[in-house]
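Participant: Supplied in C-alpha cells, the structure appears directly below.
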Amino acid sequence: MKTEITELLGIEYPIIQGGMAWVAEYHLAAAVSNAGGLGIIGAANAPADWVREQVREAKKLTDKPFGVNIMLMSPYADEIAKVVAEEGVKVVTTGAGNPEKYMELWKNAGIRVIPVVASVALAKRMERCGADAVIAEGCESGGHIGESTTMTLVPQVVDAVHIPVIAAGGMADGRGIAAAFMLGAKGVQMGTVFIPTTECQVHENYKDQVVKAKDIDTRVTGRSTGHPVRVLRNEVTREYLEKEKAGATFEELEMLTLGGLRRAVQEGDVKRGSVMAGQSAGLVRDKISCQELIDRLVKETDALLKGTGIYA
Ligand code: TUI
C-alpha cells in the first residue's frame with residue numbers, strides 16, 4: 001500500500017490513528033506505529049510537560065515514526081508547539097483551529113505538518129502556508145466536528161489542493177478505506193476503531209460501549225453553542241439535547257459536560273461522562289491488538305483494490 005502518504009511519513013501503510021483527546025496516549029500510539037501505521041499522541045487539553053513525557057515514553061516503545069496531535073483550543077497550545085520541535089517529533093497533526101502561526105517553527109524543525117480540516121477554505125489556506133498534507137475530516141467522526149460528510153468533503157478538498165489528502169470520518173474497515181481511496185484520498189485517519197484495541201488504555205466500560213454501539217447510537221451535542229461534539233448517547237446527552245432545545249445558556253450546557261471525557265475514559269463512567277466516538281462505532285465489534293487490526297484492514301483493502309492501480 002505505497003502512496004504519497006507512506007512516502008512522506010516513512011511508514012508501511014497509509015493508516016493514521018486519530019489524535020483522540022484523553023484516549024490517544026503513548027501505549028496506543030507506539031502500538032499503531034509498530035504495526036506499520038502512524039500512531040498519534042493526542043495532546044488535547046493536557047499541559048506541555050505531560051506531552052513531553054508522553055513523547056519520551058513512546059520513543060522507548062518504538063523506533064518507528066509517530067506524531068502528536070495539537071488541539072488548538074488548548075490553553076497550552078503555544079507551549080506544546082515548542083515541545084514537539086524540541087523533542088524531535090516527526091509529524092504534527094492539528095485540530096479545532098488554524099495552526100498557521102506555528103508553521104514556520106515546525107517547518108524549521110523538519111516536522112511534517114498535517115492539519116485536520118473540515119472545510120475546503122481551510123484546506124487551501126493550509127496548503128498556501130506550507131502544510132505537507134491535510135486530513136479532511138467529515139462529520140461522521142467523533143469529538144469536535146464540522147458540517148460536511150466525508151463523502152462530500154474529501155473529493156472537494158482533493159479537487160482544491162495539490163498536496164495529498166487523508167480522509168477521516170466513518171471508516172472502520174477495508175471497505176471504508178477502499179472508498180476513501182476512490183474519493184481521491186492517499187491515506188486514512190481512523191479513531192473509533194482503535195478504541196477497543198488491547199493497547200488502548202481507556203476504561204473497559206468505554207471499550208464495551210463502543211463495541212455495543214449500533215448505527216444510530218451517536219448524538220451531536222453543542223450545535224447551538226457553535227461547538228458541535230459527537231458522542232455515544234447516554235443520560236447526559238439526553239439531558240443536554242433537551243436543555244439545548246429549550247434554549248439553555250452556554251454556561252448551563254457546559255456544566256453538564258465539564259470533565260466528562262476524563263470521567264468516561266479514566267473512571268469508566270459511561271452513563272454521566274462524554275463517550276466521544278464516531279458513527280463508525282456501529283461497525284466496530286472486536287477487541288483485538290493494533291497489529292491484528294491493521295493486518296486485517298490492509299488485507300480487506302487489498303482484496304478490494306488489488307490491481308486497480310490506486311496504490312502501488
Ligand atoms: O479537533 C477535532 N476533534 C476533536 S478536538 C476535541 S477536544 C475536546 N472537545 C470538546 C470537549 C472536550 C475536548 C475532541 N475532538 N477534529 C478536527 C477538527 N477540526 N474538526 C473540526 C475542526 C475544525 C473546525 C473549525 C478546524 C478548524 C476550524 O476553523 C478554523 C478556522 O480558523 O477557520
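FYI, nothing fancy with the C-alpha cells labels: chains A, B, ... in order, residues from 1 per chain, ligands from 1 as they appear.
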Among the residues of region 74-136 of chain A, find those DSSP assigns to strand (DSSP E or B) from the backbone and print them as number ranges by chain.

Facilitator: A: 91-95, 112-117, 134-136

Participant: Please produce a file of the residues just selected, as a PDB file, in the first residue's frame, where the atoms kept are C-alpha atoms.

Facilitator:
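Final output, again_2.pdb:
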```pdb
ATOM      1  CA  VAL A  91       4.742  14.506  12.474  1.00  0.00           C
ATOM      2  CA  VAL A  92       2.276  17.043  13.870  1.00  0.00           C
ATOM      3  CA  THR A  93      -1.445  16.989  13.186  1.00  0.00           C
ATOM      4  CA  THR A  94      -3.669  19.799  14.438  1.00  0.00           C
ATOM      5  CA  GLY A  95      -7.373  20.066  15.213  1.00  0.00           C
ATOM      6  CA  ARG A 112       5.795  17.047   8.698  1.00  0.00           C
ATOM      7  CA  VAL A 113       2.698  19.159   9.333  1.00  0.00           C
ATOM      8  CA  ILE A 114      -0.749  17.744   8.600  1.00  0.00           C
ATOM      9  CA  PRO A 115      -3.646  19.947   9.763  1.00  0.00           C
ATOM     10  CA  VAL A 116      -7.102  18.431  10.210  1.00  0.00           C
ATOM     11  CA  VAL A 117      -9.598  20.497   8.224  1.00  0.00           C
ATOM     12  CA  VAL A 134      -4.260  17.723   5.036  1.00  0.00           C
ATOM     13  CA  ILE A 135      -6.671  15.438   6.820  1.00  0.00           C
ATOM     14  CA  ALA A 136     -10.204  16.116   5.530  1.00  0.00           C
TER      15      ALA A 136
END
```

Participant: Kindly compile the residues surrounding ligand 1 within 8 Å, counting only C-alpha atoms and all ligand atoms, and format them as an MDAnalysis selection string.

Facilitator: chainID A and resid 20:21 44:45 71:73 94:98 116:119 121:122 137:139 141:146 227 229 257:261 276

Participant: Nearest to Lys245 (chain A) among A:Ser289, A:Gln156, A:Thr221, A:Asn205, with distances taken over only C-alpha atoms: which residue is it?

Facilitator: A:Thr221

Participant: Which residues are near Lys59 (chain A)? Cut-off 12 Å, only C-alpha atoms, ignore same chain within fewer than 2 positions. Put them as a list in words.

Facilitator: Tyr26, His27, Ala29, Ala30, Ala31, Ser33, Asn34, Gly39, Ile41, Arg52, Glu53, Gln54, Val55, Arg56, Glu57, Leu61, Thr62, Asp63, Lys64, Pro65, Phe66, Gly67, Glu87, Gly88, Val89 and Lys90 of chain A

Participant: Which of region 67-309 of chain A end up as alpha helix (DSSP H) when DSSP is run on this backbone - answer as JSON, numbers by chain?

Facilitator: {"A": [77, 78, 79, 80, 81, 82, 83, 84, 85, 86, 103, 104, 105, 106, 107, 108, 120, 121, 122, 123, 124, 125, 126, 127, 128, 150, 151, 152, 153, 154, 155, 156, 157, 158, 159, 160, 174, 175, 176, 177, 178, 179, 180, 181, 182, 204, 205, 206, 207, 208, 209, 210, 211, 212, 235, 236, 237, 238, 239, 240, 241, 242, 243, 244, 245, 250, 251, 252, 253, 254, 255, 256, 257, 260, 261, 262, 290, 291, 292, 293, 294, 295, 296, 297, 298, 299, 300, 301, 302, 303, 304, 305]}

Participant: Looking at A:Leu305, A:Arg175, A:Ala48, A:Ala168, which one is nearest to Val188 (chain A), with distances taken over only C-alpha atoms?

Facilitator: A:Ala168

Participant: Quick one: residues within 9 Å of Asp215 (chain A), only C-alpha atoms, excluding same-chain residues fewer than 5 positions away - as a list in words?

Facilitator: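 So the residues in contact are Gln279, Ser280, Ala281, Gly282 and Leu283 of chain A.
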
Participant: Do you have the CA of Val270 (chain A)-CA of Lys214 (chain A) distance handy?

Facilitator: 15.6 Å

Participant: Counting only C-alpha atoms, which residue out of A:Ala109, A:Leu232, A:Ala264, A:Val154 sits closest to Ala213 (chain A)?

Facilitator: A:Leu232

Participant: Taking only C-alpha atoms into account, which of A:Cys290, A:Val202, A:Val158, A:Ala58 comes nearest Ile15 (chain A)?

Facilitator: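 Of A:Cys290, A:Val202, A:Val158, A:Ala58, the one nearest Ile15 (chain A) is A:Cys290, counting only C-alpha atoms.
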
Participant: Need to verify the contact set: region 294-299 of chain A, 12 Å, only C-alpha atoms, exclusion of same-chain residues closer than 5 positions in sequence. Can you return it as a PyMOL selection string?

Facilitator: chain A and resi 1-2+12-17+31-39+171-178+187-188+190+193-194+197+286+288-289+304-306

Participant: I'd like to know which of A:Asp78, A:Glu4, A:Glu147, A:Asp269 is closest to Trp106 (chain A), using only C-alpha atoms.

Facilitator: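 Smallest distance to Trp106 (chain A) is found for A:Asp78.
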
Participant: For each of A:Gly226, A:Phe181, A:Leu253, A:Leu28, take the minimum atom-to-atom distance to Thr308 (chain A), counting only C-alpha atoms, then give the residue where this is smallest.

Facilitator: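 Looking only at the distances to Thr308 (chain A), the closest residue turns out to be A:Phe181.
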